[in-house]
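**Student:** Below are the structure tokens for one structure; questions will follow.
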Amino acid sequence: MEALDGLNATDSNGTDAVNATVAKFVATPEGTALAYGSLVFMALLPIFFGALRSVSCGKSKNSSDMPETITGRDAARFPIIASCTLFGLYLFFKIFSQEYINLLLSMYFFVLGILALSHTMSPFMNRIFPANIPIKQYQLLFTQGSGETKEEMVNYEFDTKDMICLVISTVVGVWYILKKHWIANNLFGLAFALNGVELLHLNNISTGCILLGGLFVYDVFWVFGTNVMVTVAKSFEAPIKLVFPQDLLEKGLGASQFAMLGLGDIVIPGIFIALLLRFDVSLKKNTRTYFHTSFLAYIFGLGLTIWVMHTFKHAQPALLYLVPACIGFPLVVALLKGELTEMFSAVEWFPCSDPKNDSEKEGNEAVFWSDSGDGHTCTTP
């Protein structure tokens, strides 16, 4: 998570403003509109599909596909951990050779990107895989110890379809390592973002407000208060940001002047939007009011970010605009509907367990436990 949140600034022109010897690139209005419009569209994809997949992601048999729950304590510590990570990367780039650091990071994200892209492709492969081709089951099992002390370290089940996804993902990974092409970067970036939204679960609305509020301060400080965020963003050659060329119309796929959006500006609001979708489902009203509200709020906040950035020609902390929009709009709707208390009293447990007696329900679906004066209710989306 720290690495994903290490790039939260949107670059205004993709050029190094510090180097005065390089002529500043001036994008055409058409190129600018295409780049920013594409970034917004790409940012919405992992939020929308990741939120949908987060509702039922606990049905997987693999422990690696189970969601990671973020508690209030985790949310409070996250901005501090992210700040230390960001400043550590800044010092590394200042002290050591940028070439060697990016080489190590490229290999690290090469492996992670293959796994993330393979996991992202898996549901689509299940739908298009020919029925007449036999499917073989495989299991990767690592254990520690022997006899009664044997402990499972890794237990991963996969089949022929997963192997095909892995091969395709590896081809993309090799393309990225050899060429660092922006399309390969975006494929990995989208996969990282979708997996983050799907598998990182906030346990309640209060935790989401703590996390987004803390990162709001984090983003503003590191972008406006120092040059650390922008420096790391321009030095860090890893698929932890989405990029789109502003000179695509002039140079085609070989374009080199990029607008960028950090994955943290997608994943952080995205996990909050996904939580609201699961809350919508738990209400069993056949509506997705809070999801639609927060989704539209994200579009508004990101659009406002781009407008301010384009107007003032300066990198902007996107969470400065996204956090108030993504939190404020749904809270206003909940207040108008009289569901504000219910929203903040609902706690997601994954898998469903009764926090009062530790008894687990069957299955791994996400549920909401709501504390009331007479006891509790546990509903499954």
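Scheme for the structure tokens: letters A, B, ... for chains in order shown; per-chain residue numbers from 1; ligand numbers from 1 in order shown.
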Tell me which protein, DNA and RNA residues are within 12 Å of range 152-166 of chain A, counting only C-alpha atoms, leaving out same-chain ones fewer than 5 positions away, and put them as a ChimeraX atom specification.
**Tutor:** /A:60-66,111-131,133-147,171-173
**Student:** Env of Ile327 in chain A: 8 Å cut, atoms = only C-alpha atoms, seq-sep filter 4 positions within chain, self excluded. Answer as a list in words.
**Tutor:**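 Close residues of Ile327 in chain A: Cys209, Ser294, Val323 and Leu331 of chain A.
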**Student:** Need the shell around Val174 in chain A: protein/DNA/RNA residues with any atom at most 12 Å away, counting only C-alpha atoms. Skip same-chain ones fewer than 2 positions apart. Format as a JSON list (two decimals) with all heavy atoms, in the first residue's frame?
**Tutor:**
[["chain", "number", "residue", "atom", "x", "y", "z"],
["A", 106, "SER", "N", 11.98, -2.14, -11.01],
["A", 106, "SER", "CA", 11.36, -2.71, -12.20],
["A", 106, "SER", "C", 11.21, -4.22, -12.07],
["A", 106, "SER", "O", 10.17, -4.78, -12.45],
["A", 106, "SER", "CB", 12.19, -2.37, -13.45],
["A", 106, "SER", "OG", 12.19, -0.98, -13.70],
["A", 107, "MET", "N", 12.23, -4.88, -11.55],
["A", 107, "MET", "CA", 12.15, -6.34, -11.38],
["A", 107, "MET", "C", 11.10, -6.70, -10.34],
["A", 107, "MET", "O", 10.36, -7.69, -10.49],
["A", 107, "MET", "CB", 13.52, -6.88, -10.98],
["A", 107, "MET", "CG", 14.61, -6.67, -12.02],
["A", 107, "MET", "SD", 14.13, -7.28, -13.68],
["A", 107, "MET", "CE", 13.90, -9.02, -13.33],
["A", 109, "PHE", "N", 8.37, -4.92, -9.46],
["A", 109, "PHE", "CA", 7.04, -4.70, -9.99],
["A", 109, "PHE", "C", 6.75, -5.57, -11.20],
["A", 109, "PHE", "O", 5.58, -5.76, -11.56],
["A", 109, "PHE", "CB", 6.86, -3.22, -10.34],
["A", 109, "PHE", "CG", 6.60, -2.35, -9.14],
["A", 109, "PHE", "CD1", 7.63, -1.61, -8.57],
["A", 109, "PHE", "CD2", 5.35, -2.29, -8.57],
["A", 109, "PHE", "CE1", 7.39, -0.81, -7.47],
["A", 109, "PHE", "CE2", 5.10, -1.51, -7.47],
["A", 109, "PHE", "CZ", 6.12, -0.76, -6.91],
["A", 110, "PHE", "N", 7.79, -6.10, -11.83],
["A", 110, "PHE", "CA", 7.59, -7.07, -12.91],
["A", 110, "PHE", "C", 6.87, -8.30, -12.38],
["A", 110, "PHE", "O", 5.88, -8.77, -12.96],
["A", 110, "PHE", "CB", 8.94, -7.44, -13.50],
["A", 110, "PHE", "CG", 8.92, -8.64, -14.42],
["A", 110, "PHE", "CD1", 8.40, -8.54, -15.69],
["A", 110, "PHE", "CD2", 9.42, -9.87, -14.00],
["A", 110, "PHE", "CE1", 8.38, -9.64, -16.55],
["A", 110, "PHE", "CE2", 9.41, -10.97, -14.83],
["A", 110, "PHE", "CZ", 8.89, -10.86, -16.11],
["A", 111, "VAL", "N", 7.33, -8.82, -11.25],
["A", 111, "VAL", "CA", 6.72, -10.00, -10.64],
["A", 111, "VAL", "C", 5.31, -9.67, -10.12],
["A", 111, "VAL", "O", 4.34, -10.39, -10.39],
["A", 111, "VAL", "CB", 7.60, -10.55, -9.50],
["A", 111, "VAL", "CG1", 6.91, -11.73, -8.82],
["A", 111, "VAL", "CG2", 8.96, -10.97, -10.04],
["A", 113, "GLY", "N", 3.37, -7.24, -11.02],
["A", 113, "GLY", "CA", 2.48, -6.90, -12.12],
["A", 113, "GLY", "C", 1.93, -8.12, -12.82],
["A", 113, "GLY", "O", 0.76, -8.15, -13.20],
["A", 114, "ILE", "N", 2.76, -9.14, -13.00],
["A", 114, "ILE", "CA", 2.30, -10.39, -13.64],
["A", 114, "ILE", "C", 1.20, -11.02, -12.82],
["A", 114, "ILE", "O", 0.16, -11.43, -13.34],
["A", 114, "ILE", "CB", 3.48, -11.36, -13.83],
["A", 114, "ILE", "CG1", 4.43, -10.84, -14.91],
["A", 114, "ILE", "CG2", 2.99, -12.75, -14.19],
["A", 114, "ILE", "CD1", 5.69, -11.67, -15.06],
["A", 167, "VAL", "N", 0.59, -16.63, -18.63],
["A", 167, "VAL", "CA", 1.45, -16.51, -19.81],
["A", 167, "VAL", "C", 1.25, -15.16, -20.48],
["A", 167, "VAL", "O", 2.21, -14.46, -20.84],
["A", 167, "VAL", "CB", 1.16, -17.65, -20.80],
["A", 167, "VAL", "CG1", 1.88, -17.41, -22.13],
["A", 167, "VAL", "CG2", 1.60, -19.00, -20.21],
["A", 168, "ILE", "N", -0.02, -14.76, -20.65],
["A", 168, "ILE", "CA", -0.31, -13.46, -21.27],
["A", 168, "ILE", "C", 0.28, -12.32, -20.43],
["A", 168, "ILE", "O", 0.87, -11.37, -20.95],
["A", 168, "ILE", "CB", -1.83, -13.27, -21.44],
["A", 168, "ILE", "CG1", -2.39, -14.33, -22.39],
["A", 168, "ILE", "CG2", -2.15, -11.87, -21.94],
["A", 168, "ILE", "CD1", -3.90, -14.31, -22.51],
["A", 169, "SER", "N", 0.13, -12.42, -19.11],
["A", 169, "SER", "CA", 0.65, -11.40, -18.21],
["A", 169, "SER", "C", 2.17, -11.32, -18.27],
["A", 169, "SER", "O", 2.75, -10.23, -18.19],
["A", 169, "SER", "CB", 0.19, -11.67, -16.78],
["A", 169, "SER", "OG", -1.21, -11.70, -16.68],
["A", 170, "THR", "N", 2.81, -12.47, -18.43],
["A", 170, "THR", "CA", 4.27, -12.50, -18.53],
["A", 170, "THR", "C", 4.74, -11.80, -19.80],
["A", 170, "THR", "O", 5.76, -11.09, -19.79],
["A", 170, "THR", "CB", 4.78, -13.95, -18.51],
["A", 170, "THR", "OG1", 4.35, -14.60, -17.31],
["A", 170, "THR", "CG2", 6.30, -14.00, -18.57],
["A", 171, "VAL", "N", 4.02, -11.98, -20.90],
["A", 171, "VAL", "CA", 4.36, -11.29, -22.15],
["A", 171, "VAL", "C", 4.29, -9.78, -21.95],
["A", 171, "VAL", "O", 5.18, -9.04, -22.39],
["A", 171, "VAL", "CB", 3.42, -11.74, -23.29],
["A", 171, "VAL", "CG1", 3.63, -10.88, -24.53],
["A", 171, "VAL", "CG2", 3.63, -13.21, -23.61],
["A", 172, "VAL", "N", 3.23, -9.32, -21.29],
["A", 172, "VAL", "CA", 3.11, -7.88, -20.99],
["A", 172, "VAL", "C", 4.25, -7.42, -20.10],
["A", 172, "VAL", "O", 4.82, -6.34, -20.29],
["A", 172, "VAL", "CB", 1.75, -7.59, -20.33],
["A", 172, "VAL", "CG1", 1.65, -6.11, -19.91],
["A", 172, "VAL", "CG2", 0.60, -7.93, -21.26],
["A", 176, "TYR", "N", 7.06, -4.59, -20.81],
["A", 176, "TYR", "CA", 7.29, -3.44, -19.94],
["A", 176, "TYR", "C", 8.77, -3.32, -19.55],
["A", 176, "TYR", "O", 9.35, -2.24, -19.59],
["A", 176, "TYR", "CB", 6.44, -3.55, -18.68],
["A", 176, "TYR", "CG", 6.77, -2.50, -17.65],
["A", 176, "TYR", "CD1", 6.34, -1.19, -17.80],
["A", 176, "TYR", "CD2", 7.55, -2.81, -16.53],
["A", 176, "TYR", "CE1", 6.67, -0.21, -16.88],
["A", 176, "TYR", "CE2", 7.88, -1.84, -15.61],
["A", 176, "TYR", "CZ", 7.43, -0.55, -15.78],
["A", 176, "TYR", "OH", 7.78, 0.41, -14.87],
["A", 177, "ILE", "N", 9.40, -4.45, -19.20],
["A", 177, "ILE", "CA", 10.80, -4.43, -18.78],
["A", 177, "ILE", "C", 11.71, -3.95, -19.91],
["A", 177, "ILE", "O", 12.63, -3.14, -19.70],
["A", 177, "ILE", "CB", 11.23, -5.82, -18.30],
["A", 177, "ILE", "CG1", 10.62, -6.13, -16.93],
["A", 177, "ILE", "CG2", 12.75, -5.92, -18.22],
["A", 177, "ILE", "CD1", 11.18, -5.29, -15.79],
["A", 178, "LEU", "N", 11.45, -4.43, -21.12],
["A", 178, "LEU", "CA", 12.34, -4.11, -22.24],
["A", 178, "LEU", "C", 12.10, -2.72, -22.82],
["A", 178, "LEU", "O", 13.05, -2.03, -23.19],
["A", 178, "LEU", "CB", 12.16, -5.17, -23.35],
["A", 178, "LEU", "CG", 12.57, -6.60, -23.00],
["A", 178, "LEU", "CD1", 12.31, -7.52, -24.18],
["A", 178, "LEU", "CD2", 14.02, -6.66, -22.57],
["A", 179, "LYS", "N", 10.86, -2.30, -22.90],
["A", 179, "LYS", "CA", 10.53, -1.06, -23.60],
["A", 179, "LYS", "C", 10.06, 0.06, -22.68],
["A", 179, "LYS", "O", 10.10, 1.23, -23.09],
["A", 179, "LYS", "CB", 9.44, -1.33, -24.65],
["A", 179, "LYS", "CG", 9.85, -2.34, -25.72],
["A", 179, "LYS", "CD", 11.01, -1.81, -26.56],
["A", 179, "LYS", "CE", 11.34, -2.78, -27.69],
["A", 179, "LYS", "NZ", 12.47, -2.28, -28.51],
["A", 180, "LYS", "N", 9.58, -0.27, -21.49],
["A", 180, "LYS", "CA", 8.97, 0.72, -20.59],
["A", 180, "LYS", "C", 7.88, 1.51, -21.33],
["A", 180, "LYS", "O", 7.71, 2.71, -21.12],
["A", 180, "LYS", "CB", 10.04, 1.69, -20.06],
["A", 180, "LYS", "CG", 11.00, 1.07, -19.07],
["A", 180, "LYS", "CD", 10.30, 0.71, -17.77],
["A", 180, "LYS", "CE", 11.29, 0.35, -16.67],
["A", 180, "LYS", "NZ", 12.14, -0.77, -16.97],
["A", 181, "HIS", "N", 7.14, 0.81, -22.18],
["A", 181, "HIS", "CA", 6.12, 1.48, -22.98],
["A", 181, "HIS", "C", 4.96, 1.90, -22.09],
["A", 181, "HIS", "O", 4.58, 1.19, -21.15],
["A", 181, "HIS", "CB", 5.63, 0.56, -24.09],
["A", 181, "HIS", "CG", 4.93, 1.28, -25.19],
["A", 181, "HIS", "ND1", 3.59, 1.63, -25.13],
["A", 181, "HIS", "CD2", 5.37, 1.73, -26.40],
["A", 181, "HIS", "CE1", 3.25, 2.26, -26.25],
["A", 181, "HIS", "NE2", 4.31, 2.33, -27.03],
["A", 184, "ALA", "N", 2.05, -0.67, -21.69],
["A", 184, "ALA", "CA", 2.35, -1.76, -20.75],
["A", 184, "ALA", "C", 2.30, -1.24, -19.31],
["A", 184, "ALA", "O", 1.80, -1.93, -18.41],
["A", 184, "ALA", "CB", 3.73, -2.34, -21.06],
["A", 185, "ASN", "N", 2.81, -0.04, -19.10],
["A", 185, "ASN", "CA", 2.74, 0.58, -17.77],
["A", 185, "ASN", "C", 1.30, 0.70, -17.31],
["A", 185, "ASN", "O", 0.97, 0.40, -16.15],
["A", 185, "ASN", "CB", 3.39, 1.96, -17.82],
["A", 185, "ASN", "CG", 3.22, 2.75, -16.54],
["A", 185, "ASN", "OD1", 4.04, 2.69, -15.64],
["A", 185, "ASN", "ND2", 2.14, 3.52, -16.42],
["A", 188, "PHE", "N", -0.37, -2.70, -16.29],
["A", 188, "PHE", "CA", 0.01, -3.09, -14.94],
["A", 188, "PHE", "C", -0.63, -2.16, -13.91],
["A", 188, "PHE", "O", -1.11, -2.60, -12.86],
["A", 188, "PHE", "CB", 1.53, -3.08, -14.79],
["A", 188, "PHE", "CG", 2.20, -4.35, -15.20],
["A", 188, "PHE", "CD1", 3.58, -4.43, -15.26],
["A", 188, "PHE", "CD2", 1.47, -5.47, -15.52],
["A", 188, "PHE", "CE1", 4.21, -5.61, -15.64],
["A", 188, "PHE", "CE2", 2.09, -6.66, -15.90],
["A", 188, "PHE", "CZ", 3.46, -6.72, -15.96]]
**Student:** Just the alpha helix (DSSP H) stuff from range 190-274 of chain A, please, per backbone DSSP, written as a ChimeraX atom specification.
**Tutor:** /A:190-199,205-220,228-235,248-251,264-274
**Student:** Between A:Ile47, A:Leu34, A:Val232, A:Leu39, which is the closest to Lys94 in chain A once you count only C-alpha atoms?
**Tutor:** A:Val232
**Student:** Write out as a PyMOL selection string each polymer residue whose atoms come within 10 Å of range 211-225 of chain A, counting only C-alpha atoms; drop sequence neighbours fewer than 2 positions from it.
**Tutor:** chain A and resi 5-10+70-80+82-83+86-87+202+205-209+227-231+264-265+268-269+272+314-324+326-327
**Student:** Using only C-alpha atoms, which of A:Leu275, A:Leu187, A:Val243, A:Val40 sits nearest Arg288 in chain A?
**Tutor:**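 Among A:Leu275, A:Leu187, A:Val243, A:Val40, it is A:Leu275 that comes nearest to Arg288 in chain A.
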